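Participant: Can you read through this structure? Questions will come right after.
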Amino acid sequence: MTHYDYIVIGAGSAGCVVANRLTEDMTTTVLLLEAGNPDTKPEIQIPAKCISLLGTEVDWSYFSEPEPYLNNRKMFCSRGKVLGGSSSINFMMYVRGNPDNYDRWQALGNPGWSYQDVLPYFKKSENQQRGASEYHGINGELSVTDIVSRAIVSQKFVDACVAMGYDHNPDFNAEQQEGVGYYQLTVKDGKRHSAAAAFLMPILQRPNLTTMTGALVTRLLFEGTRTVGVEYLHEGMRHQARVNSEVILSAGAFDSPKLLMLSGIGDAEYLQALGIPVVVHLPGVGQNLQDHILVTVVHETTQDVHPAITSNGIEAGLFLHSQGNLDVAPDLQLFFGPILFAPPGYAHSDSGFTGAVSLTCLQNTGSVSLRSLDPQDTPMFRMNYLQSQADVQKLVEGIKLIRQLFQNSVFDEFPSQEIAPGADVQSDEALETYIRNGCSTVWHPVGTCKMGIDSMAVVDPELRVHGVVGLRVVDASIMPTVTTGNTNAPTIMIGEKAADLIKTTGIVSQQISSAIAR
């Protein structure tokens, strides 16, 4: 049986970073296990093709349980089933979140996670096209660039926001997040720059790194409460690998808690009812599920406003406070692009533009549980979107704002017609019906193995799983609260910081061993 110093489960946004940083030390051996396949699908590399990847063989294509506040709709949630994880199928938007997000994490009992603590890790990964600054780095692996050949209609959206009194913001990831501007993308030389492309492909030849695709981890192996390895399926055969130091679980907000529960880590009463031997009672496993939700206002036009092939289709945005509370992070995020992103059932031509409003922090949380004891079964989850009427009202106001923007004279150059919600949908009640029937996730699930020191925390501030030895969770599931905006950049940051935490632990362990030997 092969032994490795570290085993990383999941070659997604965080896992690729961790594998890269740990193998910088050529004496450290790492096994990286990915359940998906290599990222060879050509459409992955073409920014304008990102929508076409959803629901394909590189997507786990998860569905929620019937959502009680969305008329029992099952919500579709894409998750990358490929090297790079969701960074290989997402919209490539580089948004770090708001400084208040991280200061709040620290205030919740997580020292070392304030904005000033995490900013160096954002900069470490980054190769910023605009150059180095107080907020940006240029020596990192991840290419962050402006959209090439933005559509003229996207400029009209920015102009309309400025005309309504919103500040122009040239950089959502710098001094402040509020205002209107253009999104930057993780794109290099016109192609998607996923976590796999940035952090994994350049190091695949390192002799101390073993990368295996099509490898589904079925359970963690323990001796008492010490993690000693993993069991996984590969090409129809069951295998085991042993670990000398730590297992790093980076399977994402749905599959990390799933694997913990299958391995006996979770709520003891729940696990015992399923016949799973309990390793440690952690009732927070699978709880605290958070996400972003959006609703769209869609216009079709007879003019060609299609995005360039190097564009992801979502080019401009606005961060704002719905109630003017400037002391906290913005609670609304707007997206705009020269694409038609209408809910199912809305007939349209092939040219138009879409504005979308997203809640950056919903009032209610969901949970993840086991569908069965079969590791090949998908996790079961419910988001509980829009349980709060206050969330619904914010989306109603967001739709009204987008309509105001689209009525601005700057859009006269692009005569258009609203096809969703539609001109006949005007009252708050009618808009609420549209929202509950037509809203969708923004594919930002987090929080199900949250970091903290309270009774519902799953990992400590160094991302070690409470109650066991040799196991960390390193992915978006550790976020105590969801960040304000897209979650890929924060997940990469988590991978960077975790790698340093793991290395520090390794150095301390070596020092202790040396002292004992003397």
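How things are named: the first chain in the structure tokens is A, the next is B, and so on; residues count from 1 in each chain; ligands count from 1 in the order shown.
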As a list of chain:residue names, please: all residues of segment 263-378 of chain A that backbone DSSP puts in alpha helix (DSSP H).
Facilitator: A:Ala268, A:Glu269, A:Tyr270, A:Leu271, A:Gln272, A:Ala273, A:Leu274
Participant: Hey, what's within 12 Å of Val279 of chain A if we count only C-alpha atoms and toss same-chain stuff fewer than 3 positions away? As a count of residues only, please?
Facilitator: 26
Participant: Which one of A:Lys400, A:Gly137, A:Arg238, A:Ser440 sits closest to Ala423 of chain A if you count only C-alpha atoms?
Facilitator: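 Under the stated criterion, the closest residue is A:Lys400.
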Participant: Write out as CSV a residue-level contact list of segment 408-459 of chain A versus segment 337-355 of chain A with cut-off 9 Å: for each qualifying residue the closest pair of atoms and the distance in Å to one decimal, counting only C-alpha atoms, rows sorted by chain and residue number upward.
Facilitator:
```
residue,atom,partner,partner_atom,distance
A:Ser416,CA,A:Gly352,CA,7.7
A:Gln417,CA,A:Gly352,CA,8.9
A:Ile419,CA,A:Tyr346,CA,7.1
A:Ala420,CA,A:Ala342,CA,6.5
A:Pro421,CA,A:Ala342,CA,8.7
A:Asn437,CA,A:Pro343,CA,8.5
A:Gly438,CA,A:Pro343,CA,5.4
A:Cys439,CA,A:Pro343,CA,7.5
A:Ser440,CA,A:Pro343,CA,8.2
```
Participant: Name the closest residue to Thr365 of chain A among the candidates A:Leu386, A:Leu22, A:Ala430, A:Val442; distances are taken between atoms, counting only C-alpha atoms.
Facilitator: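 Nearest to Thr365 of chain A: A:Leu386.
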Participant: Write out as a count of residues only the residues lying within 8 Å of Thr213 of chain A, counting only C-alpha atoms and excluding same-chain residues fewer than 4 positions away.
Facilitator: 7
Participant: How many Å lie between atom CA of Thr487 of chain A and atom CA of Lys188 of chain A, rounded to one decimal?
Facilitator: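 Atom CA of Thr487 of chain A sits 19.5 Å away from atom CA of Lys188 of chain A.
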Participant: Report as a ChimeraX atom specification: the residues of segment 116-275 of chain A with a DSSP assignment of strand (DSSP E), based on the backbone of this structure.
Facilitator: /A:126-128,142-146,179-182,184-185,187-188,191-192,209-213,215-223,226-234,237-249,265-266
Participant: For those residues, write C-alpha atoms to a file as a PDB file, in the first residue's frame.
Facilitator:
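Output file part.pdb is given in full below:
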```
ATOM      1  CA  GLU A 126      -2.480  36.965  -8.555  1.00  0.00           C
ATOM      2  CA  ASN A 127      -0.887  37.999 -11.825  1.00  0.00           C
ATOM      3  CA  GLN A 128      -2.814  41.238 -12.282  1.00  0.00           C
ATOM      4  CA  LEU A 142      -3.496  33.132 -11.599  1.00  0.00           C
ATOM      5  CA  SER A 143      -4.009  35.518 -14.516  1.00  0.00           C
ATOM      6  CA  VAL A 144      -6.544  38.276 -13.762  1.00  0.00           C
ATOM      7  CA  THR A 145      -7.418  40.415 -16.774  1.00  0.00           C
ATOM      8  CA  ASP A 146      -9.866  42.939 -18.158  1.00  0.00           C
ATOM      9  CA  GLY A 179     -20.218  51.363  -7.240  1.00  0.00           C
ATOM     10  CA  VAL A 180     -20.492  50.405 -10.899  1.00  0.00           C
ATOM     11  CA  GLY A 181     -17.782  49.111 -13.172  1.00  0.00           C
ATOM     12  CA  TYR A 182     -16.496  46.184 -15.165  1.00  0.00           C
ATOM     13  CA  GLN A 184     -12.268  41.211 -14.317  1.00  0.00           C
ATOM     14  CA  LEU A 185     -11.894  37.596 -15.344  1.00  0.00           C
ATOM     15  CA  VAL A 187      -8.485  34.596 -18.360  1.00  0.00           C
ATOM     16  CA  LYS A 188      -5.043  34.280 -19.940  1.00  0.00           C
ATOM     17  CA  LYS A 191      -8.552  31.435 -22.673  1.00  0.00           C
ATOM     18  CA  ARG A 192     -10.045  30.408 -19.334  1.00  0.00           C
ATOM     19  CA  LEU A 209       3.078  14.806  -6.994  1.00  0.00           C
ATOM     20  CA  THR A 210       0.746  11.980  -8.011  1.00  0.00           C
ATOM     21  CA  THR A 211      -2.473  13.167  -9.666  1.00  0.00           C
ATOM     22  CA  MET A 212      -5.297  10.744 -10.350  1.00  0.00           C
ATOM     23  CA  THR A 213      -8.552  11.570 -12.168  1.00  0.00           C
ATOM     24  CA  ALA A 215     -10.928   8.640  -8.476  1.00  0.00           C
ATOM     25  CA  LEU A 216     -13.944   8.915  -6.169  1.00  0.00           C
ATOM     26  CA  VAL A 217     -13.042   8.865  -2.485  1.00  0.00           C
ATOM     27  CA  THR A 218     -15.559   6.685  -0.643  1.00  0.00           C
ATOM     28  CA  ARG A 219     -14.427   7.117   2.966  1.00  0.00           C
ATOM     29  CA  LEU A 220     -11.715   8.402   5.230  1.00  0.00           C
ATOM     30  CA  LEU A 221      -9.727   5.839   7.206  1.00  0.00           C
ATOM     31  CA  PHE A 222      -9.160   6.265  10.951  1.00  0.00           C
ATOM     32  CA  GLU A 223      -7.293   4.586  13.750  1.00  0.00           C
ATOM     33  CA  ARG A 226      -6.344   9.787  13.870  1.00  0.00           C
ATOM     34  CA  THR A 227      -6.763  10.027  10.110  1.00  0.00           C
ATOM     35  CA  VAL A 228      -4.537   7.419   8.480  1.00  0.00           C
ATOM     36  CA  GLY A 229      -5.678   7.364   4.859  1.00  0.00           C
ATOM     37  CA  VAL A 230      -8.483   7.170   2.334  1.00  0.00           C
ATOM     38  CA  GLU A 231     -10.401   4.593   0.382  1.00  0.00           C
ATOM     39  CA  TYR A 232     -11.330   5.364  -3.229  1.00  0.00           C
ATOM     40  CA  LEU A 233     -12.809   3.888  -6.369  1.00  0.00           C
ATOM     41  CA  HIS A 234     -10.801   4.029  -9.572  1.00  0.00           C
ATOM     42  CA  MET A 237     -11.672  -1.110  -8.346  1.00  0.00           C
ATOM     43  CA  ARG A 238     -11.495  -0.196  -4.671  1.00  0.00           C
ATOM     44  CA  HIS A 239      -8.123   1.093  -3.440  1.00  0.00           C
ATOM     45  CA  GLN A 240      -6.609   2.495  -0.277  1.00  0.00           C
ATOM     46  CA  ALA A 241      -3.830   5.021   0.244  1.00  0.00           C
ATOM     47  CA  ARG A 242      -2.160   5.834   3.539  1.00  0.00           C
ATOM     48  CA  VAL A 243      -1.057   9.220   4.795  1.00  0.00           C
ATOM     49  CA  ASN A 244       1.937  10.088   6.958  1.00  0.00           C
ATOM     50  CA  SER A 245       0.830  13.593   7.915  1.00  0.00           C
ATOM     51  CA  GLU A 246      -2.600  14.912   6.886  1.00  0.00           C
ATOM     52  CA  VAL A 247      -5.579  14.416   4.620  1.00  0.00           C
ATOM     53  CA  ILE A 248      -6.871  17.651   3.091  1.00  0.00           C
ATOM     54  CA  LEU A 249     -10.543  17.498   2.118  1.00  0.00           C
ATOM     55  CA  ILE A 265     -18.004  12.573  11.376  1.00  0.00           C
ATOM     56  CA  GLY A 266     -21.242  14.466  11.916  1.00  0.00           C
TER      57      GLY A 266
END
```
Participant: I want to know what sits within 9 Å of Tyr69 of chain A, based on only C-alpha atoms, with residues of the same chain fewer than 6 positions away left out; could you give that as a PyMOL selection string?
Facilitator: chain A and resi 384-388+436
Participant: Residues of the last selection are to be written out with N, CA and C atoms, as a compact mmCIF listing (two decimals), in the first residue's frame.
Facilitator:
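That gives us part-v1.txt:
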```
# COMPACT_ATOMS: atom_id res chain seq x y z
N ASN A 384 -33.44 26.34 1.16
CA ASN A 384 -34.40 27.21 1.87
C ASN A 384 -34.36 28.67 1.38
N TYR A 385 -34.12 28.82 0.07
CA TYR A 385 -34.14 30.15 -0.52
C TYR A 385 -35.47 30.86 -0.26
N LEU A 386 -35.39 32.16 0.01
CA LEU A 386 -36.54 33.06 0.08
C LEU A 386 -37.57 32.66 1.13
N GLN A 387 -37.10 32.04 2.19
CA GLN A 387 -37.99 31.82 3.34
C GLN A 387 -38.34 33.16 3.97
N SER A 388 -37.42 34.10 3.86
CA SER A 388 -37.62 35.43 4.43
C SER A 388 -38.29 36.36 3.43
N ARG A 436 -40.30 33.91 -7.40
CA ARG A 436 -40.35 32.56 -6.83
C ARG A 436 -40.37 31.49 -7.91
```
Participant: Identify which of the residues A:Leu70, A:Ala107, A:Val17, A:Lys41 lies closest to Thr433 of chain A, counting only C-alpha atoms when measuring atom-to-atom distances.
Facilitator: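 Smallest distance to Thr433 of chain A is found for A:Leu70.
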Participant: Could you list, as a list in words, every residue within 7 Å of Ala198 of chain A, counting only C-alpha atoms and ignoring same-chain residues fewer than 3 positions away?
Facilitator: Glu141, Leu142, His193, Ser194, Ala195 and Met201 of chain A
Participant: Only N, CA and C atoms, please: the residues just picked out, written as a PDB file, in the first residue's frame.
Facilitator:
```
ATOM      1  N   GLU A 141       0.375  32.858  -9.887  1.00  0.00           N
ATOM      2  CA  GLU A 141       0.084  31.963 -11.010  1.00  0.00           C
ATOM      3  C   GLU A 141      -1.205  32.299 -11.735  1.00  0.00           C
ATOM      4  N   LEU A 142      -2.153  32.950 -11.054  1.00  0.00           N
ATOM      5  CA  LEU A 142      -3.496  33.132 -11.599  1.00  0.00           C
ATOM      6  C   LEU A 142      -3.594  34.438 -12.391  1.00  0.00           C
ATOM      7  N   HIS A 193      -8.536  30.688 -17.466  1.00  0.00           N
ATOM      8  CA  HIS A 193      -7.399  30.329 -16.617  1.00  0.00           C
ATOM      9  C   HIS A 193      -7.939  29.758 -15.313  1.00  0.00           C
ATOM     10  N   SER A 194      -8.291  28.494 -15.358  1.00  0.00           N
ATOM     11  CA  SER A 194      -8.860  27.811 -14.197  1.00  0.00           C
ATOM     12  C   SER A 194      -7.776  27.555 -13.164  1.00  0.00           C
ATOM     13  N   ALA A 195      -8.189  27.067 -12.002  1.00  0.00           N
ATOM     14  CA  ALA A 195      -7.218  26.690 -10.978  1.00  0.00           C
ATOM     15  C   ALA A 195      -6.313  25.572 -11.486  1.00  0.00           C
ATOM     16  N   MET A 201      -1.437  22.350 -13.915  1.00  0.00           N
ATOM     17  CA  MET A 201      -0.781  21.947 -15.169  1.00  0.00           C
ATOM     18  C   MET A 201       0.721  22.246 -15.175  1.00  0.00           C
TER      19      MET A 201
END
```
Participant: One number please: atom CA of Gly286 of chain A to atom CA of Arg382 of chain A, in Å, one decimal.
Facilitator: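 Separation between atom CA of Gly286 of chain A and atom CA of Arg382 of chain A: 10.6 Å.
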Participant: One decimal, Å: what's the distance from atom CA of Gln404 of chain A over to atom CA of Asn169 of chain A, could you say?
Facilitator: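 Value for the atom CA of Gln404 of chain A-atom CA of Asn169 of chain A distance: 20.0 Å.
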Participant: Find the residue from A:Gln287, A:Gln205, A:Ser86, A:Thr28 that sits nearest to Ser250 of chain A; use only C-alpha atoms when measuring.
Facilitator: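 Counting only C-alpha atoms, the residue closest to Ser250 of chain A is A:Ser86.
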Participant: Determine, using only C-alpha atoms, which residues of segment 266-372 of chain A have any atom at most 12 Å from an atom of segment 475-485 of chain A, and tabulate each with its shortest atom pair and distance in Å to one decimal place, rows ordered by chain and then rising number, as a Markdown table.
Facilitator:
```
| residue | atom | partner | partner_atom | distance |
| --- | --- | --- | --- | --- |
| A:Gly284 | CA | A:Ile478 | CA | 11.1 |
| A:Val285 | CA | A:Ser477 | CA | 9.8 |
| A:Gly286 | CA | A:Ser477 | CA | 9.0 |
| A:Gln287 | CA | A:Ser477 | CA | 10.0 |
| A:Asn288 | CA | A:Pro480 | CA | 7.9 |
| A:Leu289 | CA | A:Ser477 | CA | 8.2 |
| A:Gln290 | CA | A:Val482 | CA | 6.3 |
| A:Asp291 | CA | A:Val482 | CA | 6.9 |
| A:His292 | CA | A:Val482 | CA | 8.2 |
| A:Ile293 | CA | A:Gly485 | CA | 10.9 |
| A:Leu294 | CA | A:Gly485 | CA | 11.6 |
| A:Gly317 | CA | A:Gly485 | CA | 10.5 |
| A:Leu318 | CA | A:Gly485 | CA | 10.6 |
| A:Phe319 | CA | A:Gly485 | CA | 8.7 |
| A:Leu320 | CA | A:Thr484 | CA | 10.7 |
| A:His321 | CA | A:Thr484 | CA | 11.5 |
| A:Val328 | CA | A:Thr484 | CA | 10.4 |
| A:Ala329 | CA | A:Thr484 | CA | 6.9 |
| A:Pro330 | CA | A:Thr484 | CA | 7.1 |
| A:Asp331 | CA | A:Thr484 | CA | 7.5 |
| A:Leu332 | CA | A:Thr484 | CA | 8.5 |
| A:Gln333 | CA | A:Gly485 | CA | 7.0 |
| A:Leu334 | CA | A:Gly485 | CA | 9.7 |
| A:Phe335 | CA | A:Gly485 | CA | 10.5 |
| A:Val357 | CA | A:Gly485 | CA | 11.4 |
| A:Ser358 | CA | A:Gly485 | CA | 8.8 |
| A:Leu359 | CA | A:Thr484 | CA | 8.8 |
| A:Thr360 | CA | A:Thr484 | CA | 5.2 |
| A:Cys361 | CA | A:Val482 | CA | 6.8 |
| A:Leu362 | CA | A:Val482 | CA | 9.1 |
| A:Gln363 | CA | A:Thr481 | CA | 11.1 |
| A:Asn364 | CA | A:Thr481 | CA | 11.4 |
| A:Thr365 | CA | A:Thr481 | CA | 10.1 |
| A:Ser367 | CA | A:Ser477 | CA | 11.5 |
| A:Val368 | CA | A:Ser477 | CA | 11.1 |
```
Participant: Dump C-alpha atoms for the selected residues as a CSV table (one decimal), in the first residue's frame?
Facilitator:
```csv
chain,number,residue,atom,x,y,z
A,284,GLY,CA,-22.5,21.3,12.4
A,285,VAL,CA,-21.4,19.0,9.5
A,286,GLY,CA,-23.7,19.8,6.6
A,287,GLN,CA,-25.5,22.7,8.3
A,288,ASN,CA,-25.1,26.4,7.6
A,289,LEU,CA,-25.5,26.0,3.8
A,290,GLN,CA,-25.5,29.4,2.2
A,291,ASP,CA,-25.6,30.6,-1.4
A,292,HIS,CA,-26.4,33.6,-3.6
A,293,ILE,CA,-29.6,33.8,-5.6
A,294,LEU,CA,-30.5,36.0,-8.6
A,317,GLY,CA,-21.8,45.1,-12.5
A,318,LEU,CA,-22.9,47.2,-9.6
A,319,PHE,CA,-22.5,46.7,-5.8
A,320,LEU,CA,-24.9,48.7,-3.7
A,321,HIS,CA,-26.7,48.9,-0.4
A,328,VAL,CA,-21.5,46.9,6.3
A,329,ALA,CA,-20.9,45.1,3.0
A,330,PRO,CA,-23.3,45.8,0.1
A,331,ASP,CA,-26.4,43.5,0.2
A,332,LEU,CA,-27.1,43.7,-3.6
A,333,GLN,CA,-24.9,42.8,-6.6
A,334,LEU,CA,-26.0,43.5,-10.1
A,335,PHE,CA,-24.8,41.8,-13.2
A,357,VAL,CA,-29.9,41.3,-9.3
A,358,SER,CA,-28.4,39.0,-6.7
A,359,LEU,CA,-28.7,39.0,-2.9
A,360,THR,CA,-25.2,38.8,-1.4
A,361,CYS,CA,-26.5,37.5,1.9
A,362,LEU,CA,-29.7,35.6,2.4
A,363,GLN,CA,-31.5,35.5,5.7
A,364,ASN,CA,-31.9,31.7,5.8
A,365,THR,CA,-29.6,28.8,5.6
A,367,SER,CA,-28.4,21.9,4.9
A,368,VAL,CA,-26.7,18.9,3.3
```
Participant: Set the distance at 9 Å and use only C-alpha atoms: which residues neighbour Asn173 of chain A once local chain neighbours fewer than 3 positions away are removed? I'd like the list as JSON, numbers by chain.
Facilitator: {"A": [94, 95, 96, 97, 98, 135, 136, 176, 177]}
Participant: Measuring atom to atom with only C-alpha atoms, identify which of A:Arg73, A:Arg150, A:His3, A:Lys258 is nearest to Ser372 of chain A.
Facilitator: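 Answer, going by the shortest atom-to-atom distance: A:Lys258.
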Participant: Looking at only C-alpha atoms, which of A:Ser427, A:Ala151, A:Leu401, A:Ala174 is the one that sits closest to Asp304 of chain A?
Facilitator: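 Using only C-alpha atoms, the shortest distance to Asp304 of chain A belongs to A:Ala151.
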